[in-house]
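Asker: Supplied structure: start15.tsv, TSV, C-alpha atoms.
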```
chain	number	residue	atom	x	y	z
A	1	MET	CA	-66.91	33.93	-27.77
A	2	LYS	CA	-68.57	30.53	-27.95
A	3	LYS	CA	-67.97	27.96	-25.22
A	4	VAL	CA	-68.68	24.23	-25.06
A	5	VAL	CA	-68.71	22.08	-21.91
A	6	LEU	CA	-68.69	18.30	-22.30
A	7	THR	CA	-69.26	16.13	-19.22
A	8	GLY	CA	-68.87	12.38	-18.87
A	9	ASN	CA	-69.40	9.65	-16.30
A	10	GLY	CA	-66.50	10.85	-14.15
A	11	LEU	CA	-68.52	13.88	-13.10
A	12	SER	CA	-71.45	11.74	-11.94
A	13	VAL	CA	-69.13	9.36	-10.07
A	14	ALA	CA	-67.67	12.36	-8.22
A	15	LEU	CA	-71.18	13.10	-7.00
A	16	ASN	CA	-72.07	9.52	-6.08
A	17	SER	CA	-69.96	6.36	-6.36
A	18	GLU	CA	-73.18	4.48	-7.16
A	19	PHE	CA	-72.80	5.91	-10.69
A	20	SER	CA	-69.58	3.99	-11.35
A	21	LEU	CA	-69.71	1.48	-14.17
A	22	LYS	CA	-68.58	-1.30	-11.84
A	23	THR	CA	-71.24	-0.59	-9.22
A	24	ILE	CA	-74.10	-0.22	-11.70
A	25	THR	CA	-73.06	-3.42	-13.46
A	26	GLU	CA	-72.86	-5.39	-10.23
A	27	ARG	CA	-76.33	-4.25	-9.19
A	28	PHE	CA	-77.66	-4.93	-12.70
A	29	PHE	CA	-76.47	-8.55	-12.62
A	30	ASP	CA	-77.73	-9.00	-9.06
A	31	ARG	CA	-81.24	-8.21	-10.31
A	32	LEU	CA	-81.19	-10.86	-13.05
A	33	ASP	CA	-82.61	-14.31	-12.50
A	34	GLU	CA	-80.65	-17.37	-13.58
A	35	SER	CA	-82.31	-17.68	-17.00
A	36	HIS	CA	-81.36	-14.12	-17.95
A	37	ARG	CA	-77.81	-14.58	-16.65
A	38	GLU	CA	-77.46	-17.64	-18.87
A	39	PHE	CA	-79.02	-15.77	-21.81
A	40	ILE	CA	-76.37	-13.03	-21.55
A	41	LYS	CA	-73.56	-15.48	-20.83
A	42	HIS	CA	-74.39	-17.49	-23.94
A	43	HIS	CA	-74.34	-14.48	-26.24
A	44	MET	CA	-71.25	-12.82	-24.75
A	45	LYS	CA	-69.35	-16.09	-25.28
A	46	ASP	CA	-65.66	-15.74	-24.43
A	47	ASN	CA	-66.14	-12.06	-23.53
A	48	TYR	CA	-68.53	-12.85	-20.68
A	49	SER	CA	-67.92	-10.81	-17.57
A	50	GLN	CA	-69.94	-8.91	-15.01
A	51	LEU	CA	-67.82	-5.77	-15.24
A	52	ASP	CA	-69.56	-3.73	-17.95
A	53	PHE	CA	-73.34	-3.68	-18.38
A	54	GLU	CA	-72.95	-2.01	-21.79
A	55	GLU	CA	-71.07	-5.04	-23.10
A	56	ALA	CA	-73.89	-7.27	-21.85
A	57	ILE	CA	-76.55	-5.20	-23.59
A	58	ALA	CA	-74.40	-4.90	-26.72
A	59	SER	CA	-74.19	-8.71	-27.00
A	60	ILE	CA	-77.98	-8.98	-27.06
A	61	GLU	CA	-78.27	-6.09	-29.52
A	62	GLN	CA	-75.93	-7.89	-31.91
A	63	VAL	CA	-78.20	-10.92	-31.79
A	64	TYR	CA	-81.23	-8.74	-32.44
A	65	ASP	CA	-79.58	-6.93	-35.35
A	66	SER	CA	-78.47	-10.20	-36.97
A	67	LEU	CA	-81.89	-11.81	-36.63
A	68	THR	CA	-83.60	-8.65	-37.91
A	69	HIS	CA	-81.35	-8.65	-40.96
A	70	TYR	CA	-82.19	-12.31	-41.61
A	71	ASN	CA	-85.91	-11.74	-41.07
A	72	ASN	CA	-85.92	-8.83	-43.51
A	73	PHE	CA	-84.63	-11.29	-46.11
A	74	LEU	CA	-87.23	-13.93	-45.25
A	75	ILE	CA	-90.22	-11.60	-45.57
A	76	GLY	CA	-89.26	-10.68	-49.13
A	77	GLU	CA	-89.95	-12.60	-52.33
A	78	LYS	CA	-86.48	-14.18	-52.42
A	79	GLY	CA	-86.81	-15.13	-48.80
A	80	GLN	CA	-90.11	-16.84	-49.46
A	81	ASN	CA	-88.50	-18.80	-52.28
A	82	PHE	CA	-85.77	-19.83	-49.83
A	83	LEU	CA	-88.34	-20.99	-47.28
A	84	ASP	CA	-90.23	-22.94	-49.92
A	85	ALA	CA	-87.08	-24.59	-51.22
A	86	TYR	CA	-86.22	-25.98	-47.78
A	87	THR	CA	-89.81	-26.47	-46.58
A	88	LEU	CA	-89.31	-24.02	-43.73
A	89	GLU	CA	-91.79	-22.01	-41.64
A	90	ASN	CA	-91.40	-18.40	-40.51
A	91	ASN	CA	-94.43	-18.20	-38.23
A	92	GLU	CA	-92.72	-17.41	-34.90
A	93	PHE	CA	-89.65	-15.53	-36.07
A	94	LYS	CA	-91.21	-12.12	-35.46
A	95	ASP	CA	-92.24	-13.25	-31.96
A	96	HIS	CA	-88.61	-14.08	-31.18
A	97	LEU	CA	-87.53	-10.65	-32.40
A	98	ASN	CA	-90.17	-8.94	-30.26
A	99	ALA	CA	-89.10	-10.96	-27.23
A	100	ILE	CA	-85.43	-10.03	-27.67
A	101	GLN	CA	-86.29	-6.37	-28.18
A	102	THR	CA	-88.38	-6.45	-25.00
A	103	ILE	CA	-85.42	-7.92	-23.12
A	104	ILE	CA	-83.19	-5.08	-24.34
A	105	HIS	CA	-85.73	-2.50	-23.16
A	106	GLN	CA	-86.10	-4.29	-19.83
A	107	TYR	CA	-82.35	-4.31	-19.27
A	108	THR	CA	-82.11	-0.63	-20.20
A	109	SER	CA	-84.93	0.31	-17.85
A	110	SER	CA	-83.31	-1.71	-15.08
A	111	ILE	CA	-80.09	0.29	-15.47
A	112	LEU	CA	-81.94	3.61	-15.33
A	113	ASP	CA	-83.97	2.54	-12.32
A	114	LEU	CA	-80.71	1.91	-10.48
A	115	ILE	CA	-79.56	5.51	-10.84
A	116	ILE	CA	-82.87	7.35	-10.74
A	117	ASN	CA	-82.50	8.76	-7.21
A	118	ASN	CA	-78.75	9.26	-7.11
A	119	VAL	CA	-78.73	13.02	-7.81
A	120	LYS	CA	-79.58	15.01	-4.70
A	121	GLN	CA	-79.12	18.76	-4.22
A	122	LYS	CA	-77.46	18.30	-0.84
A	123	ASP	CA	-74.87	15.95	-2.37
A	124	ILE	CA	-74.18	18.46	-5.13
A	125	SER	CA	-73.54	21.19	-2.56
A	126	ASP	CA	-71.42	18.92	-0.38
A	127	LYS	CA	-69.34	17.27	-3.08
A	128	LEU	CA	-69.35	19.45	-6.18
A	129	GLN	CA	-69.79	23.04	-5.05
A	130	PRO	CA	-66.47	24.29	-6.54
A	131	PHE	CA	-67.47	22.78	-9.89
A	132	VAL	CA	-70.92	24.34	-9.57
A	133	ASP	CA	-69.39	27.74	-8.82
A	134	TRP	CA	-67.21	27.42	-11.91
A	135	ILE	CA	-69.99	26.39	-14.27
A	136	VAL	CA	-72.33	29.12	-13.01
A	137	ASP	CA	-69.59	31.72	-13.49
A	138	THR	CA	-68.79	30.29	-16.93
A	139	ILE	CA	-72.43	30.50	-17.98
A	140	ASP	CA	-72.81	34.02	-16.60
A	141	THR	CA	-69.73	35.27	-18.47
A	142	SER	CA	-70.51	33.57	-21.78
A	143	GLU	CA	-71.99	35.15	-24.85
A	144	GLU	CA	-73.02	31.68	-25.99
A	145	ILE	CA	-72.60	28.31	-24.32
A	146	ASP	CA	-73.61	24.74	-25.09
A	147	LEU	CA	-73.64	22.17	-22.30
A	148	PHE	CA	-73.27	18.61	-23.56
A	149	THR	CA	-73.57	15.66	-21.21
A	150	LEU	CA	-73.01	11.99	-21.95
A	151	ASN	CA	-74.64	11.00	-18.67
A	152	PHE	CA	-78.15	9.63	-18.22
A	153	ASP	CA	-78.61	11.37	-14.89
A	154	LEU	CA	-80.14	14.81	-14.36
A	155	LEU	CA	-77.15	16.47	-12.67
A	156	LEU	CA	-76.79	19.40	-15.06
A	157	GLU	CA	-80.57	20.00	-15.07
A	158	THR	CA	-80.57	20.08	-11.29
A	159	ILE	CA	-77.76	22.65	-11.25
A	160	LEU	CA	-79.41	24.81	-13.89
A	161	LEU	CA	-82.81	24.73	-12.17
A	162	THR	CA	-81.19	25.59	-8.84
A	163	TYR	CA	-79.38	28.68	-10.08
A	164	TYR	CA	-81.55	29.86	-13.00
A	165	GLU	CA	-85.18	30.26	-13.90
A	166	LYS	CA	-86.39	27.49	-16.21
A	167	ASP	CA	-86.82	29.95	-19.08
A	168	ASN	CA	-83.14	30.98	-18.91
A	169	PHE	CA	-81.93	27.95	-20.85
A	170	ALA	CA	-83.11	25.81	-23.75
A	171	ASP	CA	-83.52	22.03	-23.87
A	172	PHE	CA	-85.39	21.82	-27.21
A	173	HIS	CA	-88.74	20.64	-25.82
A	174	PHE	CA	-92.13	22.31	-25.56
A	175	ARG	CA	-95.02	21.64	-23.24
A	176	GLY	CA	-97.40	19.07	-24.70
A	177	GLY	CA	-100.16	17.06	-23.06
A	178	ARG	CA	-100.81	15.75	-19.59
A	179	TRP	CA	-99.95	12.13	-18.82
A	180	GLY	CA	-101.85	9.90	-16.44
A	181	ALA	CA	-98.80	7.76	-15.72
A	182	ILE	CA	-97.28	10.65	-13.75
A	183	ASP	CA	-100.41	11.85	-11.96
A	184	ASN	CA	-101.55	13.93	-14.91
A	185	GLU	CA	-98.44	16.10	-14.95
A	186	TRP	CA	-97.14	17.53	-18.22
A	187	GLN	CA	-95.18	15.82	-20.98
A	188	TYR	CA	-92.70	17.97	-22.90
A	189	TYR	CA	-92.37	17.04	-26.56
A	190	PHE	CA	-89.04	17.04	-28.36
A	191	ASP	CA	-89.12	19.38	-31.36
A	192	PRO	CA	-86.31	21.97	-31.58
A	193	ASP	CA	-88.03	24.18	-34.17
A	194	ARG	CA	-91.39	24.28	-32.47
A	195	SER	CA	-89.76	24.70	-29.08
A	196	LYS	CA	-88.04	27.83	-30.33
A	197	GLN	CA	-91.33	29.16	-31.72
A	198	ILE	CA	-93.34	28.48	-28.57
A	199	HIS	CA	-90.66	29.30	-25.99
A	200	PRO	CA	-88.43	31.96	-27.64
A	201	ILE	CA	-87.43	33.41	-24.27
A	202	ASN	CA	-85.60	30.16	-23.43
A	203	TYR	CA	-83.21	30.79	-26.31
A	204	GLU	CA	-82.43	34.44	-25.62
A	205	SER	CA	-79.70	33.67	-23.08
A	206	ASN	CA	-77.86	31.39	-25.56
A	207	VAL	CA	-77.55	28.68	-22.91
A	208	ARG	CA	-78.40	25.26	-24.35
A	209	LEU	CA	-78.47	21.82	-22.73
A	210	HIS	CA	-77.92	18.66	-24.80
A	211	HIS	CA	-78.18	15.06	-23.60
A	212	LEU	CA	-75.96	13.38	-26.19
A	213	HIS	CA	-76.90	9.86	-25.05
A	214	GLY	CA	-80.34	10.59	-23.64
A	215	SER	CA	-81.49	10.80	-20.05
A	216	LEU	CA	-83.57	9.21	-17.31
A	217	SER	CA	-86.49	11.49	-18.10
A	218	SER	CA	-86.59	11.00	-21.88
A	219	PHE	CA	-88.94	8.51	-23.51
A	220	LYS	CA	-90.48	7.38	-26.78
A	221	ASP	CA	-94.16	6.54	-27.14
A	222	ILE	CA	-94.20	3.20	-28.93
A	223	ARG	CA	-97.63	3.76	-30.47
A	224	SER	CA	-97.21	7.30	-31.79
A	225	GLY	CA	-93.43	7.43	-32.09
A	226	ARG	CA	-93.43	10.76	-30.23
A	227	LEU	CA	-90.31	11.68	-28.28
A	228	PHE	CA	-90.88	13.41	-24.97
A	229	LYS	CA	-89.50	14.12	-21.52
A	230	ILE	CA	-91.00	14.69	-18.12
A	231	THR	CA	-89.79	16.96	-15.36
A	232	THR	CA	-87.30	15.81	-12.78
A	233	GLU	CA	-89.94	16.30	-10.09
A	234	SER	CA	-92.51	14.19	-11.95
A	235	LEU	CA	-89.96	11.43	-12.43
A	236	ARG	CA	-89.00	11.37	-8.76
A	237	ASN	CA	-92.59	11.48	-7.52
A	238	SER	CA	-93.75	8.60	-9.72
A	239	ASN	CA	-92.81	4.94	-9.84
A	240	LEU	CA	-92.65	5.04	-13.62
A	241	TYR	CA	-89.74	2.64	-14.04
A	242	GLU	CA	-91.45	-0.02	-11.96
A	243	ASN	CA	-94.15	-0.52	-14.59
A	244	ILE	CA	-92.89	1.42	-17.57
A	245	PHE	CA	-93.98	-1.06	-20.24
A	246	GLU	CA	-97.59	-0.91	-19.11
A	247	HIS	CA	-97.59	2.64	-20.50
A	248	ALA	CA	-96.24	1.67	-23.95
A	249	VAL	CA	-93.14	3.85	-23.66
A	250	ILE	CA	-89.45	3.03	-23.77
A	251	PRO	CA	-86.46	4.98	-22.43
A	252	GLN	CA	-84.59	7.11	-24.94
A	253	ILE	CA	-80.92	6.49	-24.18
A	254	VAL	CA	-77.87	5.31	-26.08
A	255	THR	CA	-76.15	2.35	-24.47
A	256	GLY	CA	-74.64	-0.95	-25.52
A	257	GLY	CA	-72.92	-1.29	-28.87
A	258	GLY	CA	-73.11	0.67	-32.10
A	259	LYS	CA	-73.28	4.13	-30.53
A	260	SER	CA	-72.10	5.76	-33.76
A	261	LEU	CA	-75.13	4.24	-35.53
A	262	LYS	CA	-77.60	5.04	-32.77
A	263	VAL	CA	-76.73	8.73	-32.80
A	264	GLN	CA	-78.18	8.87	-36.31
A	265	GLN	CA	-81.64	8.69	-34.74
A	266	ASN	CA	-83.41	11.59	-33.03
A	267	PRO	CA	-83.13	13.07	-30.50
A	268	PHE	CA	-79.50	11.92	-30.42
A	269	HIS	CA	-78.93	12.93	-34.05
A	270	PHE	CA	-79.94	16.50	-33.27
A	271	TYR	CA	-77.75	16.72	-30.16
A	272	TYR	CA	-74.73	15.16	-31.84
A	273	ASN	CA	-75.10	17.44	-34.88
A	274	ALA	CA	-75.05	20.44	-32.54
A	275	PHE	CA	-71.83	19.12	-30.99
A	276	LYS	CA	-70.31	18.38	-34.38
A	277	LYS	CA	-71.16	21.86	-35.68
A	278	ALA	CA	-69.28	23.39	-32.76
A	279	MET	CA	-66.27	21.26	-33.71
A	280	VAL	CA	-66.18	21.36	-37.53
A	281	ILE	CA	-68.44	24.05	-39.06
A	282	GLU	CA	-66.48	27.28	-39.61
A	283	ASN	CA	-69.18	29.76	-38.59
A	284	SER	CA	-70.24	27.65	-35.59
A	285	LEU	CA	-66.85	26.71	-34.11
A	286	CYS	CA	-66.42	26.95	-30.37
A	287	ASP	CA	-63.57	29.06	-29.02
A	288	GLU	CA	-63.30	27.25	-25.70
A	289	LEU	CA	-63.83	23.56	-24.95
A	290	TYR	CA	-63.99	22.13	-21.42
A	291	ILE	CA	-64.04	18.34	-21.08
A	292	ILE	CA	-64.81	17.00	-17.62
A	293	GLY	CA	-64.91	13.35	-16.58
A	294	TYR	CA	-64.99	11.96	-20.13
A	295	SER	CA	-63.15	8.68	-20.79
A	296	PHE	CA	-62.54	9.27	-24.53
A	297	ARG	CA	-64.08	5.90	-25.42
A	298	ASP	CA	-66.82	7.07	-27.83
A	299	ASP	CA	-65.50	7.19	-31.38
A	300	HIS	CA	-68.08	9.59	-32.74
A	301	ILE	CA	-67.31	12.14	-30.01
A	302	ASN	CA	-63.55	11.68	-30.36
A	303	LYS	CA	-63.64	12.23	-34.12
A	304	ALA	CA	-65.46	15.54	-33.74
A	305	ILE	CA	-63.02	16.81	-31.10
A	306	ALA	CA	-60.08	15.68	-33.24
A	307	GLU	CA	-61.39	17.74	-36.15
A	308	ARG	CA	-61.63	20.86	-34.00
A	309	LEU	CA	-58.01	20.40	-32.91
A	310	LYS	CA	-56.92	20.01	-36.54
A	311	ILE	CA	-58.60	23.31	-37.37
A	312	ALA	CA	-56.74	24.93	-34.49
A	313	ARG	CA	-53.33	23.80	-35.78
A	314	ARG	CA	-53.82	24.10	-39.55
A	315	LYS	CA	-51.35	26.34	-41.35
A	316	GLU	CA	-53.84	28.54	-43.17
A	317	ASN	CA	-56.37	30.52	-41.15
A	318	PRO	CA	-56.17	28.44	-37.96
A	319	ARG	CA	-58.98	28.97	-35.45
A	320	GLU	CA	-57.50	29.08	-31.98
A	321	LEU	CA	-59.04	26.80	-29.36
A	322	LYS	CA	-58.72	26.93	-25.60
A	323	ILE	CA	-59.13	23.36	-24.44
A	324	VAL	CA	-59.12	22.08	-20.87
A	325	ILE	CA	-59.42	18.40	-19.93
A	326	VAL	CA	-60.31	17.36	-16.39
A	327	ASP	CA	-59.87	13.80	-15.11
A	328	TYR	CA	-59.76	11.92	-11.81
A	329	ALA	CA	-56.62	9.81	-12.23
A	330	ASN	CA	-54.69	10.02	-8.96
A	331	ASP	CA	-51.44	8.17	-9.60
A	332	ASP	CA	-48.77	8.36	-12.31
A	333	THR	CA	-49.71	5.03	-13.88
A	334	SER	CA	-53.37	5.99	-14.22
A	335	LYS	CA	-52.47	9.44	-15.48
A	336	LEU	CA	-50.15	8.05	-18.15
A	337	GLU	CA	-52.80	5.54	-19.21
A	338	PHE	CA	-55.36	8.34	-19.55
A	339	ILE	CA	-53.05	10.68	-21.47
A	340	THR	CA	-52.06	7.86	-23.82
A	341	ARG	CA	-55.72	7.07	-24.47
A	342	VAL	CA	-56.53	10.73	-25.14
A	343	ASN	CA	-53.67	11.22	-27.59
A	344	LYS	CA	-54.60	8.05	-29.46
A	345	ALA	CA	-58.33	8.83	-29.50
A	346	LEU	CA	-57.71	12.33	-30.86
A	347	GLN	CA	-54.99	11.17	-33.27
A	348	LEU	CA	-52.62	13.84	-32.04
A	349	PRO	CA	-49.17	14.12	-33.64
A	350	LYS	CA	-46.32	13.90	-31.17
A	351	LYS	CA	-45.52	17.62	-31.21
A	352	HIS	CA	-49.11	18.44	-30.24
A	353	ALA	CA	-49.75	15.54	-27.87
A	354	PHE	CA	-50.87	16.09	-24.29
A	355	GLU	CA	-48.52	15.17	-21.45
A	356	ILE	CA	-49.14	14.40	-17.80
A	357	ASP	CA	-47.89	17.84	-16.79
A	358	SER	CA	-49.64	19.77	-19.57
A	359	GLU	CA	-51.12	22.91	-18.04
A	360	ASN	CA	-54.47	22.34	-19.72
A	361	VAL	CA	-54.89	18.84	-18.25
A	362	LEU	CA	-56.16	18.82	-14.67
A	363	PHE	CA	-56.11	15.64	-12.61
A	364	GLY	CA	-57.77	17.01	-9.49
A	365	GLY	CA	-61.30	16.06	-10.52
A	366	ALA	CA	-64.20	18.35	-11.42
A	367	ASN	CA	-63.72	20.67	-8.46
A	368	SER	CA	-60.19	21.53	-9.59
A	369	ILE	CA	-61.58	23.46	-12.53
A	370	ASN	CA	-62.74	26.22	-10.18
A	371	SER	CA	-59.15	27.32	-9.73
A	372	LEU	CA	-58.54	27.43	-13.48
A	373	VAL	CA	-56.42	30.31	-14.70
A	374	ASP	CA	-56.19	31.49	-18.30
A	375	ILE	CA	-54.35	28.95	-20.42
```
Taking this structure as input, can you express it in the form of structure tokens?
Answerer:
Amino acid sequence: MKKVVLTGNGLSVALNSEFSLKTITERFFDRLDESHREFIKHHMKDNYSQLDFEEAIASIEQVYDSLTHYNNFLIGEKGQNFLDAYTLENNEFKDHLNAIQTIIHQYTSSILDLIINNVKQKDISDKLQPFVDWIVDTIDTSEEIDLFTLNFDLLLETILLTYYEKDNFADFHFRGGRWGAIDNEWQYYFDPDRSKQIHPINYESNVRLHHLHGSLSSFKDIRSGRLFKITTESLRNSNLYENIFEHAVIPQIVTGGGKSLKVQQNPFHFYYNAFKKAMVIENSLCDELYIIGYSFRDDHINKAIAERLKIARRKENPRELKIVIVDYANDDTSKLEFITRVNKALQLPKKHAFEIDSENVLFGGANSINSLVDI
């Protein structure tokens, strides 16, 4: 019996309202000086608002992608002919690209710095204990379980490290070198194959943690290209995000636009492939799927879930799926809006569509899942 748990922003908001998109965005814009506000406003054009930081970052990414595409033409033979024909120079173009890329990294780091200290064990116990009880019981009674989170925070890590030894679950990293930026504590390098070779005991329990969109503690070394993470304790004890670029590293998270393209890069490619296998590959299909606090706004995630549901309702050799969706909508209008979005995102035919009173849709928030009965 293989189980999959997918958690989204709604779970983090239940822990701390500071995780809400609106709150993070407001604090993000408050940090910007006037020149950066105008820079974002110019590129967002008619879509300018201070309601969604991802839209702001996406607008700058679109500029970067367009200029990169144009620059790739200019540096070629045909591009040089074009420059010669119009007596143009290309001396500073790369500098502009580097500046825009730096701005994107700065914005991303600013977002992460806002949420870095928002996961506290006491808050978890006070606000999410029923959910914690459920997930611990679910892990303990599973033959195999994959935990997928779309959140940048370290909520699931904190729960796992509170209730289990660190070698009782796998996160696909192995201990590498020490790093002066965090008082000479260890870096843990991302490499699923080598991790399994070096730390086989972590994989024996068949409990695996995947950060689909990256996390606060995941980075890329710009000089070597190495992907690594640091421990939650090291992150909290350092002021890494205050001077992150002095250490030639950038955060490894997926935000802004083009998420479906970004997940083609590691480590996101690896995590997403693991999720997709559990949804579409016959000998890897999950039997139970629990979705908690997810807004159903990421196309690549929705497509994979939709495929698993198609397999469950196909005429020949269907593979049954127990699916439970947990949301926080607290009035009929919000519930209907959510259900409509889910049915559209998963392309469900009318006879198989979810309804507000479907027994496998819970609107009591994450803690309501603790009272779940067999569906």
Asker: If you count only C-alpha atoms, which residues fall within 12 Å of Tyr107 in chain A, apart from same-chain ones fewer than 3 positions away, as an MDAnalysis selection string?
Answerer: chainID A and resid 24:25 27:29 31:32 36:37 40 53:58 60:61 100:104 110:114 241 250:251 253 255:256
Asker: In Å, rounded to a single decimal, give me how far CA of Ser371 in chain A is from CA of Glu18 in chain A.
Answerer: 26.9 Å
Asker: For range 349-358 of chain A, please output as a list in words all residues within 10 Å (counting only C-alpha atoms; exclusion window: fewer than 6 positions along the same chain).
Answerer: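 Residues meeting the cut-off are Leu309, Arg313, Val324, Ile325, Asp332, Lys335, Leu336, Glu337, Phe338, Ile339, Thr340, Val342 and Asn343 of chain A.
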Asker: For each of A:Thr158, A:Glu316, A:Leu88, A:Ala14, take the minimum atom-to-atom distance to Leu128 in chain A, counting all atoms listed in the file, then give the residue where this is smallest.
Answerer: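 Under the stated criterion, the closest residue is A:Ala14.
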Asker: Check the smallest atom-to-atom distance from each of A:Lys41, A:His173, A:His213, A:His300 to Arg194 in chain A using all atoms listed in the file, then report the winner.
Answerer: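 With all atoms listed in the file as the atom set, the closest residue is A:His173.
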Asker: In Å, how far is it from CA of Phe93 in chain A to CA of Glu242 in chain A?
Answerer: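 Spanning CA of Phe93 in chain A to CA of Glu242 in chain A is a straight-line distance of 28.7 Å.
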Asker: Grab the CA of Leu155 in chain A to CA of Ser12 in chain A distance for me, in Å with one decimal place.
Answerer: 7.4 Å
Asker: Under the rule that all atoms listed in the file are counted, which of A:His105, A:Lys127, A:Arg314, A:His269 is the nearest residue to Lys220 in chain A?
Answerer: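 Comparing A:His105, A:Lys127, A:Arg314, A:His269 against Lys220 in chain A, the winner is A:His105.
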Asker: Need the shell around Val5 in chain A: protein/DNA/RNA residues with any atom at most 9 Å away, counting all atoms listed in the file. Skip same-chain ones fewer than 4 positions apart. Format as a count of residues only?
Answerer: 11
Asker: May I have the residues within 9 Å of Tyr272 in chain A as a PDB file with C-alpha atoms, in the frame of the given file, using all atoms listed in the file and disregarding those fewer than 6 positions away in the same chain?
Answerer:
```pdb
ATOM      1  CA  HIS A 210     -77.920  18.660 -24.800  1.00  0.00           C
ATOM      2  CA  HIS A 211     -78.180  15.060 -23.600  1.00  0.00           C
ATOM      3  CA  LEU A 212     -75.960  13.380 -26.190  1.00  0.00           C
ATOM      4  CA  HIS A 213     -76.900   9.860 -25.050  1.00  0.00           C
ATOM      5  CA  VAL A 263     -76.730   8.730 -32.800  1.00  0.00           C
ATOM      6  CA  GLN A 264     -78.180   8.870 -36.310  1.00  0.00           C
ATOM      7  CA  HIS A 300     -68.080   9.590 -32.740  1.00  0.00           C
ATOM      8  CA  ILE A 301     -67.310  12.140 -30.010  1.00  0.00           C
TER       9      ILE A 301
END
```
Asker: Taking all atoms listed in the file into account, which of A:Asn168, A:Asn81, A:Ser238, A:Asn151 comes nearest Arg208 in chain A?
Answerer: A:Asn168
Asker: Quick one: of A:Gly214, A:Pro130, A:Gly365, A:Gly76, who's nearest to Gln265 in chain A, counting all atoms listed in the file?
Answerer: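 Closest candidate: A:Gly214.
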Asker: Looking at only C-alpha atoms, which of A:Ile281, A:Ile75, A:Gly364, A:Gln62 is the one that sits closest to Asp331 in chain A?
Answerer: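 Selected residue with least distance to Asp331 in chain A: A:Gly364.
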Asker: Every residue with an atom at most 9 Å from (-86.8, 18.2, -34.1) (file coordinates; only C-alpha atoms) is what I'm after, so could you write them as a CSV table (one decimal) with C-alpha atoms, in the frame of the given file?
Answerer:
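Just written: result_31.csv:
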```
chain,number,residue,atom,x,y,z
A,172,PHE,CA,-85.4,21.8,-27.2
A,173,HIS,CA,-88.7,20.6,-25.8
A,190,PHE,CA,-89.0,17.0,-28.4
A,191,ASP,CA,-89.1,19.4,-31.4
A,192,PRO,CA,-86.3,22.0,-31.6
A,193,ASP,CA,-88.0,24.2,-34.2
A,194,ARG,CA,-91.4,24.3,-32.5
A,195,SER,CA,-89.8,24.7,-29.1
A,266,ASN,CA,-83.4,11.6,-33.0
A,267,PRO,CA,-83.1,13.1,-30.5
A,270,PHE,CA,-79.9,16.5,-33.3
```
Asker: Given 3 Å of margin on each side, can you work out the centre and size in Å (one decimal) of an axis-aligned box holding every listed atom of range 53-62 of chain A, as lines of an AutoDock Vina configuration file?
Answerer:
```
center_x = -74.7
center_y = -5.5
center_z = -25.1
size_x = 13.2
size_y = 13.0
size_z = 19.5
```
Asker: If we count all atoms listed in the file and set the cut-off at 9 Å, which residues sit around Leu97 in chain A, ignoring sequence neighbours fewer than 5 positions away in its own chain? Please answer as a VMD selection string.
Answerer: chain A and resid 64 67 to 68 71 92 102
Asker: Would you export the selected residues with C-alpha atoms as a PDB file, in the frame of the given file, please?
Answerer:
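Result written to part33.pdb:
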```pdb
ATOM      1  CA  TYR A  64     -81.230  -8.740 -32.440  1.00  0.00           C
ATOM      2  CA  LEU A  67     -81.890 -11.810 -36.630  1.00  0.00           C
ATOM      3  CA  THR A  68     -83.600  -8.650 -37.910  1.00  0.00           C
ATOM      4  CA  ASN A  71     -85.910 -11.740 -41.070  1.00  0.00           C
ATOM      5  CA  GLU A  92     -92.720 -17.410 -34.900  1.00  0.00           C
ATOM      6  CA  THR A 102     -88.380  -6.450 -25.000  1.00  0.00           C
TER       7      THR A 102
END
```
